[in-house]
Structures are given as structure tokens and as C-alpha cells.
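Participant: Attaching a single structure in C-alpha cells format; questions to follow.
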Amino acid sequence: MIIPHPLLGPRDAQEFVYLGDARLIDRPDGLAEDAADAFHDYAYLRDNPAGEHQELWYHEQGDRSWLVVTRDTVTHRILRAELASDVARAQGRSR
Amino acid sequence: MSQTNRLAGGGLIDRSRVLTFTFDGRTYQGHPGDTLASALLANGVRLMGRSFKYHRPRGPLSAGSEEPNALVELRDGARREPNTRATTAELFDGLTARSQNRWPSLRFDALAVNDRLSTFLTAGFYYKTFMWPRSFWEKVYEPAIRKAAGLGRLSMQDDPDVYDKGFLHCDLLVIGAGPAGLAAALTAGRAGARVILADEDFRLGGRLNAETLTLDDAPAADWVAAILAELASLPTVRVMPRTTVVGAFDHGVYGAVERVADHLPVPEPGMPRQILWRIYSRRALLCAGATERPIAFADNDRPGILQAGALRAYANRWGAAVARRVAVFTNSDDGHRTARDLHAHGLEIAAVIDVRSDAPRSPDYEVLAGAQVVGTAGRLGLTGITVRTADGGTRKVSCGALGVSGGWNPAVHLTCHQGARPRWDAAIAAFVPGPDLPPGLAVAGAAAGTFSTAGALREGAAGALAALADLGVAATAPALPRAEDAPAGITAFWHVASDAGRAWLDQQNDVTVKDVKLAHQEGFRAVEHLKRYTTLGMATDQGKTSNMGALAIMAELTGKPIPEVGTTMFRPPYTPVALGTLAGRSRGDDFRPRRLTPTHAWAAEQGAVFVEVGTWMRAQYFPRPGETHWRQTVDREVLAVRSAVGVCDVTTLGKIDVQGTDAASFLDRIYCNGMAKLAVGRVRYGLMLREDGMAKDDGTAARLAEDHFVVTTTTANAVAVFRHMEFCRQCLWPDLDVQVISTTDAWAQIAVAGPRARDLLRRVVDPTTDLSNDAFPFMACAAVTVCGGLRARLFRISFSGELAYELAVPARYGDALVRALMAAGADLGVTPYGTEALGVLRIEKGHAAGNEINGQTTARMLGLGRMVSSKKDSIGAVLSRREALDGPVPLRLVGLRPVNPADPVVAGAHLLARGAPTTAASDEGWVTSAAFSPHVGSAIGLGFLAGGEGRIGEIVRAVDPLGGTDVAVEVVVPHFVDPDGEKLRA
């Protein structure tokens, strides 16, 4: 597969390490009242769709960017690749 | 030896040169341009192998890579290569080949007795027969079957050749260099596009080489030569003969194997034997042609029975006759082309048997319309056939070769490598590429089901134009030569209905029409079940000549149309790829990168024994003259550290530099214990958890400045922890002001441990640094200089429990530093120690390492439960608080000491209460680490024991059923030396 790195252009998937569902960005607040339940869901529940899926890929043999890659798991077509930090900020994550 | 069956003239071989080769020890001659099969046929050799299961005598069926039968062992010694297709092996002078799967000889094979037993050895025989008694499988059946099975033999020696991997990029990859491929490459090449033209053959031209066609009234070979000359002159075109595109992968990536030196006796110096190419293409055009399929009839597997197209290929391209008197059996006009060509070569056409009642007639030879071949004769080679004529009578026809044509199957394989299925085209009675092609791939010519030469040329050029238009490259179609444009003219016909004899479908796996019927009868009707039950379409040829016939017969039996029966999946590789090619240079010492520590050369000078630790080579121990056992050496090294001072290279531990105004806050979230308030100039032990609460890794964090930390990881987790930190930094807290970088390779780090460590360091660290216990206490750190001004970092941390430091210098000074330490400490008894002693020292001290922090353990189990801060949020903290995380009766880290000091303690042994039965149900824990402790004077261990903290002093059993030991051990606190930490604070 070839991943369109937002900074570096098309890169072979071999340069990357795959992590999985990009929902791992939505880490709950560990000091919240419902933290135990929220972390249970965060750590153990994943969608595994046949179709469009947002995934985390790490450009380990490259610039060490974490990317959110939107990929069709059936056809392997890649619709989008974004810097994970941008995605995280867009979801309201900051410090 | 004369080439008795070499035709008088013609062929694309160089008759001016003679190549000598041997087959089964006998010497023959051939010419450049020959394959092993064509040369053997020219020498009158039809018998080339024995079949897999029944050991039936077999000759080549084909003239290409689809060959099921003519598999031989090629070359000698370490280069001996089993299961090589004689039909594609390019002849070279001195080539040696042997037949396979026969004993004692090819003509007389003892296991041919299987053929007599074929009534019992039908499909499913193994599944049904070797099931009972169960205990017989491993000891009796499997060894016997293994002995009888298999074709060629491995050399059992290391492959002396090298294999490379390479990367290519192109606008258009053209797969196959027949008329379609050549027209496509020319069109795209002239437009200046970057073109790769790959073909598995050593001679480009595809089917044009095997026919007697004219293009613009000139021989096709002239046109091919002119096109190749022009392609060679175009700077953006790369022509790759002997290169098989074996797989179509995602996003326009294709795998290809180039046989760089297979046609040479030995690769030239520096030349790889083969190259595995990864081709990145923007567009690809499949011009791979088609494969002729046989018709099944009784005893259709005798040497001398070939695809009709192969028969004429041997005559036209190689000037080789399979026999002087030839018959043809066909269901299409294509079989007649073979008869015409062979007749023109002066061979005698015994008859053309055409299943069609309206078969075309010939003035030159007899055509039996509406007839079928119902039997054959000749044990080691064809002598004649029996024909059932249109009027129902039978007739014997004597002949030494029979060409069979059941139609052509487009080579759709690559179009299906991403899961697509081909589409049935009734007009040519074959599967053609479906609508769902891999993105960027198009198909032209015979591979698309267009069988005429003119059609192939047209589609090749048009395919290239379409691809270039997609890419925005302007191009014009070249003027194409006039060529034959005949329609296919075929009537689907798969097998001759007959009860007599066996009609072979898959000659490589000895699958007959009857086996397919049996599979149907026993319910294995789905095409994938049929394949597994009968082994149809398996092994080196993957059913290229057999799958279609079997599908058609299954369709007949189930009463379904062929497209509803479907096809099996086509998966890469298209033809077999040697494991050596896939491995490339990654074998032996080069299997993976080998990292050497900065003190490696010095350690080697000291006679160190090295051990692989991940990708690192580390000194395991440093034997001295007179030491006869590694334990002697390790005990000496351990005692030297405990009594004087030792040095050990600990560079391999991961080092991560963390900087930024939020560095402290970042580490506070990464480690479960508090890091935010760590003072500058101090080091703290840190434990990292995974988000599910299990321990991930441990190490130290040293604060060199307000905004600058250096943290260490274990050797094994250096990469994973760094990746994790980048994840946290980028994905969880993108606005924290913190940067991380791995400095593992940048700093050489040497542990200096033992009661004389400070004395030694005072001689190396520049006196500007006060090393007194008050000025530089336990867990202090500082940037210092050594040896008169070299920048260095000093950490007072201890893995051994002794007064200890770790001293880091830029990596290039690591060698000099260890030599300086050894020279400066000679009178102090300074001793180098390796990873074995390091392990003993940390077990004696009770420090957890990879055996304890193995992904299955929690902070509480490690006795570090109180480290998990409840005042902050950190990775893993929330889920680590789950009560049941460490088991119903919580496991705790304990020390273990054998009651009888002579007894061993074995890592991996399980802990059981005394008197409990030795069963999994009474398991109470396990030994994680064990070593002989020279300090204690016996073996010692660390382990996890249920309720361990409350069981100090209890005697339990350490049971190792695999090793057969059962030792009484006393549960002790996991600190065998200096439990109060006085030494390391001294």
C-alpha cells in the first residue's frame, strides 16, 4: 500500500507501523467521575468496519508523524491521510 | 548424439553453436535459444518425469510456465534446484538435469506400483485411510507418507548465490511482450512515458515466436526485432526479459522476479542470481496472453501428448518435432493451425480429430469430423490412439505425438489478485477479466479474450493510449502492421465420456475426471471444496491447465452453468518464487541489522563471549585463562562487583531526550509515579503502564534542567516506548510544549558498580565535580567532564544494589572511556562484567526486568503498587486500580531459595504448595528469573506467588514438569543483598 503522507507525499506502507482505530485519540479524562467506565470502553471497544475506517499509522521509518489514515478496509483505497495532531486538535484536544 | 527430432530448418535458435548438456547422466546437444524441454524433444526424449502420486511416466504438456509434468532437478551440488520446469529452463553449455520422483530409474520406477493400486488411491484416500488408529499417525503413517511424497530433493546445502531486491517506478507497466504488449510499450514509449515492459520469457514476442504469422507480409520475427530495437533506443523505456510479474498488489504496486543469471552456469562475479522487484506503477496493462487447455480422455497423459499449441511452438520456435508422425485432437480452428504448421515442416499428419461435425477440411491430411479420441497406447511414450468416429465406429491411428486443443484460457490471474472474479465469455468458452479490475490495471489482447493478432495489436495500442490519457500524457497510436484477424471458432468440449481408462485433468496432482465425480458424489461440490478434496490445482502449476476442465465437469454434474460454479481464488505468485528470492540479502548474519555497542571492539579484544539481545550484540561474560566453565567466569565477575568495582556497557538501554517547557508535565502523564516535582540534578525510578493498567516498561528519568530530562528504557522496549511517547505527544496532548528524540545511539553509557566505584570515578571524572556522598548522593545526576574536558553525563543509579554510577559520553568516545576506566582502576581490581553477571546482580537485588515486566504483570504484582499516583491522571492509572487485575488471590513478587542449597531453581517452574497435587488446578505462581548467586552460595530465584507477601518463610515446591525437577524452596523477601539499601547510599 502507498500512504499519501500530508507532509512527505506518497510513502510505502512498509515505512509505517500500524496501530489501529483512530478513536484512541479520544482518551477520556482519568480524573472524571466515570473514568473507570470510560476507560473500559476506550481500552477495549473498537469498531472493525468492513468499509471506511479511520486508522492510526506511525511513520516510524520516516519523520515520526502519527497519521490518521481514512482507508476502506475492503478495497484498501485510501481516502485521506492527516496529521494526527491536527485531527486531535480538531477534536478539541490540546494540553 | 545427433538431434534426431530436430527439423531441417527454421526456428529461433542459433544452429551455428552447439551446447552440450546431460539429462539423467546421458549427454545431449542443443542450441542457444533452446529450453531444456525443446532440446530433449529434439533429441527424441519425450519421457521427462514421473507423476506425483501414481508415478505415471510423463513428458512435457506445454512449452511454457504452465507446465505440470516436466519438472526436473537442475544443476549440481549446492546449486541443485528441484522442481524446475524443463519447458522454461534456458539451455546453457554444461547444464545438468535429472528426472525426479523415480527409483531406481526414470524408465523403471518401483513406486509405479501405486498406479496399479489406483482404484484405492482415489481422491480422499489419505483422509479416509489414515484416520485410525489415531496413535499410528505420528509414528507410522506420516513418516511413510512423507518418504513417498514430494518430487525433487533439496540440496541441503547453503545457496551459494545472492539474491537482490529492487524498486522501480513507471508510468505504465506492460506485463507481457507479445503483440499486445509490444504495441502498448511502443505507443507509450514514443510518447515519452516511463514504461517498463516485462516478460517471463527470455525471448520477447510472446506467441508471435511460436507461430508462422506474417505482419505486413513479412515474418513476425522481423517486426518484433524492429520494435525491440526502437524500444531499446527510447530512454524512458525499460525492457525486462526473464522477468515474471508475479503479483498485483495495492495501489499499483506489482511484484516481479527477474531471473538475472538462471541462464548462466554460474552467476558472473557480483551478479545476483535473481532480483525481486517492487514496481510502483501509475498504470498497468496486462498483456499476458492465454494458456491452452487440454481435453480429458482416457490415458491422455502419455509422453508425446501435448497442447496442440505447444506442439507447433516446439516446431516453429525451436525446430523440434515431438515425433515424425503426429495427430491433433481439437474442438476449435486452432488445432487445425497446428496441423497446417507441422505439415508445412514436413511432418506427417496422421489425422486431425475434431469434435465438431462441421470441422474445416484440408487437402493435405485427413480430418475426422465429429470424432473423439477415446484411448491411447504406449507405456513410456505415445505409439497410437483410438478414435471413435462420427459413425460410432472405432479406429486405431498410429502416431508418436498428439496435439490436444480444448481452447484457450486468458491469463486473468493478475486481474484477480485483489479478490475480483473473472467473467464467463460463452463466445470463446472461457473466463475473461471481470469488470472489477485492480485500480489502474487494464487488459489487452489474448488476456482479455481477444485471440487474433490484429486484435491484440489494436488493443495493446489502445490500452496504452487510454492509460496515458488518464495520466494527462498526449500520445498518438502507432501505425500497426496488417495481421491475421480470424475469429475464435470454438465449440466448448471438456472431456470424452467414457467408462474405460482414466481421463487426466490435473497431471501434476494426478486428478482424474473420476476424482471430480467422486468429490461431487461425496458432497465436495463447491469449487474450493473440490480443490481441497482432490488436490486439483495445487502445487507448482496451480492448475493453469487443469482447473477449467474440472470446473466444467463439476458444472455438468451439478447441472449448473459454468459461471455459477465459479473459480477458485487466484493468489500471488503467478508462478513459484524461490524462498531465497523472497529473502534477498536478509539471511545468515544479514538477516537483520546487527548493532554493536561502542565498546564492542574492546570487549572482543578481552575475549568476551557475545550474546544477541534484540538487534544488539552484547558482551555476555569475559572469560579469563584457566576458567573452564562460564559459571566460574560469571561468579568471579559478580563477586568483583560486590567486593571491588566492575564496569559494564549499558549503552543498549533506550535513552530518550525529552525537552520543552512542558517536559515535566508530559513525563508526569507517561509514568504512573510522580515526575513533575523531580528536582533538577536528580534521578527518579519510573514505571510506565499500558492504558489497560498492566506494567509496560521501567527505567529512570533524570532531570538535567527545568525543561530537559533524559529517560531510560529497557533494551527490549526502547523502540516501543519511544513510539508510545510520540503517540501521547501528538495524538493525546498536541499542544504540550515537548519534543522527544531517541539518543540511544548517540551516547555510550558505562555502568561503574561496586564499593570502589567512587574511587575509580574520581580518577576519570574531572575534579571540578565533587563526587562526595553529600555533594553527589544516590540518585544524583549532572553534566560533567571527564578525562580533561570531554563532556559527559553522570548518573548515580544502581541496578546491582552496590554503590554505582552510569557514565555517558558521546558514542565515539565509548571505546576510549572503557579503556581509560580499565587503566585507571587496575589497582582497584576493576573487572569488566557482561550481561550474565548483570542478571545475577539484579536478581540478587530483586530488581524486576523483562522476565517480570512481561506484559502480563501489574504494578501491584511487582510490589510497586504504591507508585501509582492517585493524585494525577497518567497512562494506565485508571484501569490499573481494578481490584481483580492481578488474579483472585493476588500474585506478588517474592524471592525463592532452595531448602537444600545444592538444588537448582529453574525459571519457568511453577510454584505449588507442599502436598498439593502436581496439577494446573493447584498452580500458585511461577519462577520468573533464576540464577546461581555467589553471594548467597546457592541458586536463587524471583517469582510470582499467590498471596506472596504473606507467605515469607513458607516452604513451597518449584516444579518443572518439562525438565523433571521438583524442588522445595523457601519464600523470602525479593532482596538477597542489602535489603535496606545501605550499600547503594554509601
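Chain labels run A, B, ... following the order of the C-alpha cells; each chain numbers its residues from 1, and ligands are numbered from 1 in the order shown.
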What are the residues of chain A that have an atom within 7 Å of an atom of chain B, counting only C-alpha atoms, as a list in words?
Facilitator: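 Applying the cut-off to the listed atoms yields Met1, Ile2, Ile25, Arg27, Gly30, Leu31, Ala35, Ala36, Phe39, Ala43, Trp66, His76, Ala84, Ser85, Ala88, Arg89, Arg93, Ser94 and Arg95 of chain A.
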Participant: Could you write out, as a PyMOL selection string, all the residues of range 485-692 of chain B that DSSP marks as strand (DSSP E)?
Facilitator: chain B and resi 504-506+511-512+595-596+609-613+616-621+646-649+654-659+683-689
Participant: Do you know which residues are at most 7 Å from range 332-348 of chain B counting only C-alpha atoms, after dropping those on the same chain fewer than 3 positions away, and could you put them as a list in words?
Facilitator: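 Residues near the query, excluding close chain neighbours: Ala308, Gly309, Arg312, Ala315, Arg324, Arg325, Val326, Val328, Phe329, Ser405, Gly407, Gly489, Ile490 and Thr491 of chain B.
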Participant: Just to be explicit: take each residue in the selection above, keep N, CA and C atoms, and write the result as a PDB file, in the first residue's frame.
Facilitator:
ATOM      1  N   ALA B 308      -1.844 -28.675 -28.334  1.00  0.00           N
ATOM      2  CA  ALA B 308      -1.586 -28.528 -29.768  1.00  0.00           C
ATOM      3  C   ALA B 308      -0.718 -27.306 -30.035  1.00  0.00           C
ATOM      4  N   GLY B 309      -0.960 -26.244 -29.268  1.00  0.00           N
ATOM      5  CA  GLY B 309      -0.183 -25.019 -29.451  1.00  0.00           C
ATOM      6  C   GLY B 309       1.272 -25.224 -29.050  1.00  0.00           C
ATOM      7  N   ARG B 312       3.143 -27.023 -31.928  1.00  0.00           N
ATOM      8  CA  ARG B 312       3.607 -26.183 -33.034  1.00  0.00           C
ATOM      9  C   ARG B 312       4.628 -25.155 -32.558  1.00  0.00           C
ATOM     10  N   ALA B 315       7.883 -26.850 -32.881  1.00  0.00           N
ATOM     11  CA  ALA B 315       8.309 -26.923 -34.287  1.00  0.00           C
ATOM     12  C   ALA B 315       8.711 -25.548 -34.807  1.00  0.00           C
ATOM     13  N   ARG B 324       7.694 -37.803 -35.588  1.00  0.00           N
ATOM     14  CA  ARG B 324       7.610 -37.556 -37.033  1.00  0.00           C
ATOM     15  C   ARG B 324       6.188 -37.731 -37.547  1.00  0.00           C
ATOM     16  N   ARG B 325       5.388 -38.521 -36.816  1.00  0.00           N
ATOM     17  CA  ARG B 325       4.004 -38.731 -37.239  1.00  0.00           C
ATOM     18  C   ARG B 325       3.100 -38.248 -36.108  1.00  0.00           C
ATOM     19  N   VAL B 326       2.210 -37.317 -36.450  1.00  0.00           N
ATOM     20  CA  VAL B 326       1.507 -36.550 -35.426  1.00  0.00           C
ATOM     21  C   VAL B 326       0.011 -36.531 -35.716  1.00  0.00           C
ATOM     22  N   VAL B 328      -3.798 -34.630 -34.237  1.00  0.00           N
ATOM     23  CA  VAL B 328      -4.304 -33.468 -33.496  1.00  0.00           C
ATOM     24  C   VAL B 328      -5.735 -33.759 -33.085  1.00  0.00           C
ATOM     25  N   PHE B 329      -6.063 -33.407 -31.842  1.00  0.00           N
ATOM     26  CA  PHE B 329      -7.424 -33.565 -31.323  1.00  0.00           C
ATOM     27  C   PHE B 329      -7.892 -32.184 -30.887  1.00  0.00           C
ATOM     28  N   SER B 405      -6.183 -29.618 -28.332  1.00  0.00           N
ATOM     29  CA  SER B 405      -6.598 -28.238 -28.125  1.00  0.00           C
ATOM     30  C   SER B 405      -8.036 -28.194 -27.648  1.00  0.00           C
ATOM     31  N   GLY B 407      -9.230 -25.253 -26.445  1.00  0.00           N
ATOM     32  CA  GLY B 407      -9.498 -23.816 -26.342  1.00  0.00           C
ATOM     33  C   GLY B 407      -8.436 -23.151 -25.484  1.00  0.00           C
ATOM     34  N   GLY B 489     -13.779 -19.437 -33.367  1.00  0.00           N
ATOM     35  CA  GLY B 489     -14.315 -20.682 -33.917  1.00  0.00           C
ATOM     36  C   GLY B 489     -14.175 -21.868 -32.985  1.00  0.00           C
ATOM     37  N   ILE B 490     -14.929 -21.879 -31.904  1.00  0.00           N
ATOM     38  CA  ILE B 490     -14.769 -22.938 -30.904  1.00  0.00           C
ATOM     39  C   ILE B 490     -16.115 -23.467 -30.450  1.00  0.00           C
ATOM     40  N   THR B 491     -16.176 -24.734 -30.185  1.00  0.00           N
ATOM     41  CA  THR B 491     -17.330 -25.357 -29.550  1.00  0.00           C
ATOM     42  C   THR B 491     -16.843 -25.935 -28.214  1.00  0.00           C
TER      43      THR B 491
END
Participant: Near Ala811 in chain B, within 10 Å and counting only C-alpha atoms, which residues show up once chain neighbours fewer than 3 positions away are dropped, as a list in words?
Facilitator: Thr597, Pro598, Thr599, Thr651, Thr743, Thr744, Asp745, Ala746, Trp747, Ala748, Gln749, Ala808, Gly814, Asp815, Ala816 and Leu817 of chain B
Participant: Write to file, as a CSV table (one decimal), in the first residue's frame, the residues of the selection just made, with C-alpha atoms.
Facilitator:
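The resulting file, again.csv, is reproduced below:
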chain,number,residue,atom,x,y,z
B,597,THR,CA,28.0,-1.3,21.3
B,598,PRO,CA,30.7,1.4,21.4
B,599,THR,CA,32.9,-0.9,23.4
B,651,THR,CA,24.5,1.6,26.0
B,743,THR,CA,19.6,9.3,21.8
B,744,THR,CA,20.3,5.6,22.4
B,745,ASP,CA,23.0,5.5,19.7
B,746,ALA,CA,24.3,9.0,20.5
B,747,TRP,CA,25.7,8.2,23.9
B,748,ALA,CA,27.9,5.4,25.1
B,749,GLN,CA,26.9,4.6,28.7
B,808,ALA,CA,27.7,8.6,29.5
B,814,GLY,CA,32.9,5.0,24.4
B,815,ASP,CA,35.8,2.8,23.4
B,816,ALA,CA,38.3,5.3,24.9
B,817,LEU,CA,36.3,5.7,28.1
Participant: Please list as a PDB file with C-alpha atoms, in the first residue's frame every residue within 8 Å of range 229-245 of chain B, counting only C-alpha atoms and excluding residues in the same chain fewer than 4 positions away.
Facilitator:
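Here's the written file result.pdb:
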ATOM      1  CA  ILE B 175       3.028  -7.165 -18.462  1.00  0.00           C
ATOM      2  CA  ALA B 185       5.108  -0.282 -24.962  1.00  0.00           C
ATOM      3  CA  LEU B 186       5.799   1.314 -28.330  1.00  0.00           C
ATOM      4  CA  GLY B 189       7.435   4.859 -25.137  1.00  0.00           C
ATOM      5  CA  ARG B 190       7.104   7.099 -28.171  1.00  0.00           C
ATOM      6  CA  GLY B 192       7.916   9.795 -23.615  1.00  0.00           C
ATOM      7  CA  ALA B 193       6.172   7.989 -20.771  1.00  0.00           C
ATOM      8  CA  ARG B 194       8.251   5.937 -18.338  1.00  0.00           C
ATOM      9  CA  VAL B 195       7.497   2.389 -19.446  1.00  0.00           C
ATOM     10  CA  ILE B 196       8.501  -0.987 -18.054  1.00  0.00           C
ATOM     11  CA  LEU B 197       7.922  -3.932 -20.382  1.00  0.00           C
ATOM     12  CA  ALA B 198       8.313  -7.226 -18.511  1.00  0.00           C
ATOM     13  CA  ASP B 199       8.029 -10.723 -19.909  1.00  0.00           C
ATOM     14  CA  GLU B 200       8.737 -14.063 -18.287  1.00  0.00           C
ATOM     15  CA  ASP B 201      10.355 -15.422 -21.449  1.00  0.00           C
ATOM     16  CA  PHE B 202      13.990 -14.943 -22.383  1.00  0.00           C
ATOM     17  CA  ARG B 203      12.868 -14.098 -25.900  1.00  0.00           C
ATOM     18  CA  LEU B 204      10.323 -11.319 -26.293  1.00  0.00           C
ATOM     19  CA  ALA B 225      13.056  -7.226 -33.863  1.00  0.00           C
ATOM     20  CA  TYR B 254       3.485  -5.097  -8.652  1.00  0.00           C
ATOM     21  CA  GLY B 255       5.934  -7.787  -7.631  1.00  0.00           C
ATOM     22  CA  ALA B 256       8.271  -9.156 -10.267  1.00  0.00           C
ATOM     23  CA  VAL B 257      11.048 -11.728 -10.272  1.00  0.00           C
ATOM     24  CA  GLU B 258      13.889 -11.172 -12.694  1.00  0.00           C
ATOM     25  CA  ARG B 259      15.972 -14.276 -13.380  1.00  0.00           C
ATOM     26  CA  VAL B 260      19.231 -12.455 -13.919  1.00  0.00           C
ATOM     27  CA  TYR B 574       1.631 -16.290 -10.677  1.00  0.00           C
ATOM     28  CA  THR B 575       4.495 -18.797 -10.888  1.00  0.00           C
TER      29      THR B 575
END
Participant: Under the rule that only C-alpha atoms are counted, which of B:Glu605, B:Asp358, B:Asp698, B:Asp966 is the nearest residue to Pro623 in chain B?
Facilitator: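 Nearest to Pro623 in chain B: B:Glu605.
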Participant: Here is a test: counting only C-alpha atoms, which residue of B:Asn547, B:Leu19, B:Ala191, B:Arg458 is nearest to Thr535 in chain B?
Facilitator: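 Closest residue, counting only C-alpha atoms: B:Asn547.
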Participant: What's the 7 Å shell around Arg796 in chain B, counting only C-alpha atoms, without same-chain residues fewer than 4 positions away, as a list in words?
Facilitator: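 Those residues are Phe778, Met779, Ala780, Cys781, Ala804, Tyr805 and Glu806 of chain B.
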Participant: Restricted to C-alpha atoms, what would the selected residues look like written as a PDB file, in the first residue's frame?
Facilitator:
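Output file part38.pdb follows:
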ATOM      1  CA  PHE B 778      22.334   8.352  45.467  1.00  0.00           C
ATOM      2  CA  MET B 779      20.026   9.352  42.548  1.00  0.00           C
ATOM      3  CA  ALA B 780      22.004  12.431  41.680  1.00  0.00           C
ATOM      4  CA  CYS B 781      22.788  13.373  38.092  1.00  0.00           C
ATOM      5  CA  ALA B 804      27.050   2.537  41.405  1.00  0.00           C
ATOM      6  CA  TYR B 805      27.081   5.131  38.652  1.00  0.00           C
ATOM      7  CA  GLU B 806      26.403   5.261  34.988  1.00  0.00           C
TER       8      GLU B 806
END
Participant: So that I can check the surroundings of range 671-679 of chain B, please list as an MDAnalysis selection string every protein, DNA and RNA residue that reaches within 6 Å of it, counting only C-alpha atoms and ignoring chain neighbours fewer than 4 positions away.
Facilitator: chainID B and resid 664:665 667 686:688 867:869 874
Participant: Which residue gives the smallest distance to Arg80 in chain A among A:Gln54, A:Leu7, A:Asp12, A:Ala22, with only C-alpha atoms counted?
Facilitator: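 Looking only at the distances to Arg80 in chain A, the closest residue turns out to be A:Gln54.
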Participant: What is the distance, in Å and to one decimal place, between CA of Pro68 in chain B and CA of Met569 in chain B?
Facilitator: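 These two atoms are separated by 19.0 Å.
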Participant: I'd like the interatomic distance between CA of Ile3 in chain A and CA of Val69 in chain A, to a tenth of an Å.
Facilitator: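 According to the coordinates, CA of Ile3 in chain A and CA of Val69 in chain A are separated by 7.9 Å.
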Participant: Report as a list in words: the residues of chain A with a DSSP assignment of alpha helix (DSSP H), based on the backbone of this structure.
Facilitator: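 The alpha helix (DSSP H) residues within chain A come out as Ala35, Ala36, Asp37, Ala38, Phe39, His40, Asp41, Tyr42, Ala43, Tyr44, Ala84, Ser85, Asp86, Val87, Ala88, Arg89 and Ala90 of chain A.
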Participant: Please, what distance in Å, to one decimal, runs between CA of Ala782 in chain B and CA of Met617 in chain B?
Facilitator: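 Those two atoms sit 28.9 Å apart.
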Participant: Go through A:Leu45, A:Ala38, A:Ala81, A:Leu8 one by one, measure the shortest atom-to-atom distance of each to Arg23 in chain A using only C-alpha atoms, and give the residue with the smallest value.
Facilitator: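 Looking at the shortest contact to Arg23 in chain A, the residue is A:Leu45.
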Participant: Rank B:Ala70, B:Ala500, B:Leu790, B:Ala946 by their smallest atom-to-atom distance to Val889 in chain B, using only C-alpha atoms, and report the top residue only.
Facilitator: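 That would be B:Ala946, the residue with the smallest distance to Val889 in chain B.
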